[in-house]
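Here's the structure, in structure tokens; my notes come after.
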Number of protein chains: 2
Amino acid sequence: MTESEFDIIRRYFTRHQSLRDDVIVGIGDDGAVLRVPEGEDLVVSTDTLIAGIHFPEDTAPAAIGHKALAVNLSDLAAMGATPAWITLSLSLPAADPVWLEAFASAFFALANRYRAQLVGGDTCRGPLSVTVQVHGLVPAGRALRRQGARPGDSIYVTGTPGDAALALALVQAGKRNAAGCAELFERLEFPLPRIEAGLALRDCASAVIDISDGLLADLGHVLASSGTGATLQADKLPRSAAFIRCLEMAGAAKERGYYALPLAGGDDYELCFTVAPEKSALAEERLAGLPGGCTAIGVVEAATGLRCLREDGSACPVARSGYQHFGGGPGNG
Amino acid sequence: MTESEFDIIRRYFTRHQSLRDDVIVGIGDDGAVLRVPEGEDLVVSTDTLIAGIHFPEDTAPAAIGHKALAVNLSDLAAMGATPAWITLSLSLPAADPVWLEAFASAFFALANRYRAQLVGGDTCRGPLSVTVQVHGLVPAGRALRRQGARPGDSIYVTGTPGDAALALALVQAGKRNAAGCAELFERLEFPLPRIEAGLALRDCASAVIDISDGLLADLGHVLASSGTGATLQADKLPRSAAFIRCLEMAGAAKERGYYALPLAGGDDYELCFTVAPEKSALAEERLAGLPGGCTAIGVVEAATGLRCLREDGSACPVARSGYQHFGGGPGNG
């Protein structure tokens with residue numbers, strides 16, 4: 001890119017944003033200098049979204065800007081951390097002002113919602129790709145983990161998993177503008193990280209994970225980390241009104257989608273968590289008033305493996321699976 | 001990528017590495033949990049390297065693994081920070097075991113040299129691209145900055161800038177295997193971040209930057225941040241024996257390259273720094289025994305602008321310029 005292209009890009013990322021006292025040096029030096037308060041641990045997570053892999057090439061830039069940050073904040077939510085600082089590495093085919101304005105507006109709107117400050121990053125010319133890294137804070141030793149689920153714990157989920165996967169199925173069936181389904185696309189493209197729920201679950205949940213790869217796959221990570229198994233009641237899974245309304249339009253067989261999308265569909269960014277029996281009432285009370293609420297969907301058991309039953313006691317016909325996008329590689333996310 | 005491909009990749013990134021006491025949760029949860037010691041500030045920097053843009057498509061995987069980390073550690077060096085934690089986001093066209101082994105070996109060799117621990121990241125299938133984020137520690141309030149250069153301060157550089165740019169010129173002239181030039185390629189592909197020099201410059205340098213975009217461009221950033229100007233003595237710039245020996249093979253006119261490569265060539269990852277007169281002896285003494293040493297090359301002046309003179313007092317015929325790769329976008333790096 002030319003010097004002037006970089007100047008254009010820089011303008012879009014030096015706009016008004018929350019300025020935090022704990023940012024000693026922000027954008028503009030070789031590195032950001034940040035001050036972690038005494039008694040707090042630092043939580044770090046990073047995820048990359050690539051055009052054509054994690055989102056369709058023609059996705060609206062606002063959705064990309066929002067979601068690239070949202071999927072990372074969702075990891076902080078799952079750790080019970082308060083968002084603090086963000087870095088952004090952006091690879092762009094060209095410096096298009098319209099694209100940049102929409103991307104940056106959505107990115108900063110979400111960052112400001114949680115008073116998180118962009119403190120650094122870089123931009124270069126290349127295939128469209130967005131890597132965000134988020135830093136959060138949690139009282140020392142109190143980060144929520146995947147391990148820690150114990151037999152007898154209840155399993156909960158926030159929100160209504162399956163909405164995002166149904167929206168994707170509608171897109172793939174050429175029904176992007178299906179009447180009455182707008183909420184589902186909102187959930188796919190502008191997911192809201194469950195930050196408030198994550199904070200409420202500190203000292204309350206025994207294990208937490210965010211649902212990026214699908215409920216069965218991600219709950220499977222919790223159970224594997226904890227050395228336990230579980231039985232899910234597939235009919236207790238909450239489905240949104242829009243989900244019920246739009247399911248038949250997606251082309252897939254209705255009954256299979258009713259189970260498969262909430263259980264195996266990815267990209268919801270809800271939290272799945274376990275709670276010991278003596279803390280269940282507390283967890284339910286704390287989450288009742290928060291966005292997404294929570295619903296009990298099963299029980300942790302000593303026998304390893306994940307069993308999934310329908311109301312009549314028959315096995316739910318959904319193979320464990322999940323998206324691979326965010327599951328792999330060197331680390332967390 | 002398939003589940004088994006992710007398993008292959010995971011294996012290469014869960015090898016033996018330095019384990020730090022301050023890593024409470026490492027790879028394998030939704031985020032890493034890290035403990036910053038009381039009285040220390042956190043320094044964060046990130047840079048992306050993309051095949052075909054920041055390095056030729058056929059670059060050896062070991063060089064990519066080394067350099068992706070080295071360019072980030074170089075930013076920590078410029079801030080006077082001690083490396084601590086690393087995250088890695090890797091986009092790969094395929095999970096090739098030979099490629100991964102060479103990449104990971106070089107990456108961890110450099111990380112272990114500075115006891116820095118990989119604590120997270122992600123991998124996905126896509127065009128070859130590597131985003132590294134490094135976290136370093138510095139006593140509170142003592143991070144080195146770009147601003148702070150004062151009129152009368154001496155300007156120094158570590159090592160011998162121009163070596164990497166000459167190596168690149170040789171590659172572009174089809175002389176990758178030119179006899180007697182191996183050191184130059186080593187400097188291009190396996191640059192060593194000047195971490196020790198950065199630490200030695202704490203409480204000593206008035207301003208520091210690392211040279212990624214070229215000496216004139218990067219010194220220009222220091223002067224702009226500091227509201228000052230400078231005069232450089234172009235003949236005082238240290239040139240390596242390999243540089244002198246190989247310059248004529250590069251095809252460019254010898255005399256022009258003699259000035260242009262050290263002044264405007266990028267990718268050296270040396271430090272350029274300024275020191276107040278009363279601390280010059282201390283800085284020179286501290287750096288004398290460290291890798292790269294240091295050489296005085298000019299003086300900071302009140303008049304803005306960057307002047308560059310030859311021994312005979314004539315103006316040096318090199319326009320200010322620099323690589324754009326790392327210079328742009330939302331932030332630091």
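Order determines the names: the first chain of the structure tokens is A, the second B, and so forth; residues in each chain are numbered 1 upward, and ligands are numbered 1 upward as they are shown.
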
Using DSSP on the backbone, list every residue of range 31-154 of chain B that comes out as strand (DSSP E), and give them as a ChimeraX atom specification.
-> /B:32-34,40-50,82-92,117-125,129-139,154

Spatial neighbours of range 232-243 of chain B, 8 Å, only C-alpha atoms, chain gap at least 5 places, as a JSON list (two decimals) with C-alpha atoms, in the first residue's frame:
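Output file part.json is given in full below:
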```json
[["chain", "number", "residue", "atom", "x", "y", "z"],
["B", 159, "GLY", "CA", 24.72, -3.41, 14.44],
["B", 160, "THR", "CA", 25.22, -2.72, 10.73],
["B", 161, "PRO", "CA", 22.01, -1.53, 9.04],
["B", 162, "GLY", "CA", 21.78, -2.26, 5.32],
["B", 163, "ASP", "CA", 22.80, -5.92, 5.50],
["B", 166, "LEU", "CA", 21.53, -5.89, 0.47],
["B", 180, "GLY", "CA", 30.91, -14.86, 0.67],
["B", 181, "CYS", "CA", 27.45, -13.37, 1.29],
["B", 183, "GLU", "CA", 26.01, -13.68, 6.61],
["B", 184, "LEU", "CA", 23.82, -11.19, 4.82],
["B", 259, "TYR", "CA", 24.46, 5.04, 1.25],
["B", 262, "PRO", "CA", 21.97, 1.40, 5.24],
["B", 263, "LEU", "CA", 19.89, 4.59, 5.24],
["B", 295, "THR", "CA", 27.85, 3.47, 16.84],
["B", 296, "ALA", "CA", 27.23, 7.23, 17.11],
["B", 297, "ILE", "CA", 25.95, 8.50, 13.75],
["B", 298, "GLY", "CA", 24.58, 12.00, 14.33],
["B", 299, "VAL", "CA", 23.09, 14.64, 16.60],
["B", 306, "LEU", "CA", 16.42, 15.23, 8.88],
["B", 307, "ARG", "CA", 19.68, 16.29, 7.25],
["B", 308, "CYS", "CA", 22.16, 13.74, 6.02],
["B", 309, "LEU", "CA", 25.77, 14.71, 5.22],
["B", 310, "ARG", "CA", 28.84, 13.03, 3.77],
["B", 311, "GLU", "CA", 32.33, 13.42, 5.20],
["B", 316, "CYS", "CA", 23.90, 12.61, 1.00]]
```

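Around range 193-195 of chain A, within 9 Å and counting only C-alpha atoms, the residues found are Ala70, Val71, Asn72, Leu73, Ser74, Asp75, Leu76, Ala77, Ala78, Gly80, Ala81, Thr82, Pro83, Tyr114, Thr158, Pro191, Ala197, Gly198, Leu199, Ala200, Asp210, Tyr269, Glu270, Leu271, Leu290, Pro291 and Gly292 of chain A, once anything fewer than 2 positions away on its own chain is removed.
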
Residue with smallest distance to Cys204 in chain B - pool B:Val275, B:Ala217, B:Cys246, B:Ala260, counting only C-alpha atoms = B:Val275

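Counting from CA of Thr48 in chain A, the distance to CA of Ala60 in chain B is 23.8 Å.
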
Filtered DSSP result for range 49-141 of chain A, state helix (DSSP H, G or I), as a ChimeraX atom specification = /A:61-79,97-113

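A straight line drawn from CA of Ala182 in chain A to CA of Ala167 in chain A is 8.8 Å long.
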
Using only C-alpha atoms, which protein or nucleic acid residues come within 8 Å of Leu247 in chain B? Drop anything in the same chain fewer than 5 positions from it, and give the result as a compact mmCIF listing (two decimals) with all heavy atoms, in the first residue's frame.
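The file below, result.txt, is the result:
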```txt
# COMPACT_ATOMS: atom_id res chain seq x y z
N LEU B 166 20.60 -5.41 1.50
CA LEU B 166 21.53 -5.89 0.47
C LEU B 166 21.23 -7.36 0.14
O LEU B 166 21.25 -7.76 -1.03
CB LEU B 166 22.98 -5.72 0.93
CG LEU B 166 24.06 -6.20 -0.04
CD1 LEU B 166 23.85 -5.64 -1.45
CD2 LEU B 166 25.45 -5.83 0.47
N LYS B 254 27.25 0.91 -7.23
CA LYS B 254 27.91 0.69 -5.95
C LYS B 254 27.78 1.90 -5.02
O LYS B 254 27.39 1.78 -3.88
CB LYS B 254 29.39 0.38 -6.18
CG LYS B 254 30.13 0.10 -4.88
CD LYS B 254 31.59 -0.23 -5.10
CE LYS B 254 32.31 -0.27 -3.75
NZ LYS B 254 33.74 -0.56 -3.89
N GLY B 257 24.25 2.42 -3.54
CA GLY B 257 23.90 1.39 -2.56
C GLY B 257 24.63 1.57 -1.25
O GLY B 257 24.08 1.28 -0.18
N TYR B 258 25.85 2.09 -1.34
CA TYR B 258 26.66 2.29 -0.14
C TYR B 258 25.94 3.19 0.87
O TYR B 258 26.01 3.00 2.07
CB TYR B 258 28.02 2.88 -0.54
CG TYR B 258 28.98 3.07 0.62
CD1 TYR B 258 29.71 2.01 1.11
CD2 TYR B 258 29.12 4.33 1.21
CE1 TYR B 258 30.59 2.19 2.17
CE2 TYR B 258 29.99 4.51 2.27
CZ TYR B 258 30.73 3.44 2.75
OH TYR B 258 31.59 3.61 3.80
```

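For range 15-24 of chain B, the residues within 7 Å (counting only C-alpha atoms, excluding itself and residues fewer than 6 positions away along the chain) are B:Val33, B:Leu34, B:Arg35, B:Phe108, B:Asn112, B:Arg115, B:Ala116, B:Gln117.
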
For those residues, write C-alpha atoms to a file as a short mmCIF file (atom, residue, chain, number, x, y, z; two decimals), in the first residue's frame.
```
data_model
loop_
_atom_site.label_atom_id
_atom_site.label_comp_id
_atom_site.auth_asym_id
_atom_site.auth_seq_id
_atom_site.Cartn_x
_atom_site.Cartn_y
_atom_site.Cartn_z
CA VAL B 33 -4.37 -16.44 32.32
CA LEU B 34 -1.19 -14.52 33.06
CA ARG B 35 0.13 -12.81 36.18
CA PHE B 108 10.50 -22.21 19.74
CA ASN B 112 13.26 -20.33 24.48
CA ARG B 115 12.32 -17.71 28.13
CA ALA B 116 9.14 -16.53 26.43
CA GLN B 117 6.23 -18.98 26.54
#
```

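Closest approach to Arg176 in chain A among A:Thr59, A:Leu215, A:Leu42, A:Gly266: A:Thr59, based on only C-alpha atoms.
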
Skip range 248-252 of chain A itself and residues of its chain fewer than 6 positions away, then list as a list of chain:residue names all residues within 9 Å of it, counting only C-alpha atoms.
-> A:Leu166, A:Ala167, A:Ala169, A:Leu170, A:Val171, A:Gln172, A:Ala173, A:Lys175, A:Ala178

For those residues, write C-alpha atoms to a file as an mmCIF file, in the first residue's frame.
```cif
data_model
loop_
_atom_site.group_PDB
_atom_site.id
_atom_site.type_symbol
_atom_site.label_atom_id
_atom_site.label_comp_id
_atom_site.auth_asym_id
_atom_site.auth_seq_id
_atom_site.Cartn_x
_atom_site.Cartn_y
_atom_site.Cartn_z
ATOM 1 C CA LEU A 166 -30.103 -21.703 10.942
ATOM 2 C CA ALA A 167 -29.281 -18.265 9.532
ATOM 3 C CA ALA A 169 -28.411 -22.559 6.367
ATOM 4 C CA LEU A 170 -30.876 -19.951 5.047
ATOM 5 C CA VAL A 171 -28.019 -18.042 3.379
ATOM 6 C CA GLN A 172 -26.761 -21.253 1.808
ATOM 7 C CA ALA A 173 -30.292 -22.031 0.573
ATOM 8 C CA LYS A 175 -32.917 -17.245 1.393
ATOM 9 C CA ALA A 178 -36.590 -14.660 4.089
#
```

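Take the candidates B:Arg245, B:His135, B:Arg187, B:Arg146 and check each one against Asp267 in chain B using only C-alpha atoms; the shortest distance goes to B:Arg187.
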
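Of note, CA of Pro56 in chain A and CA of Val98 in chain A are spaced 18.5 Å apart.
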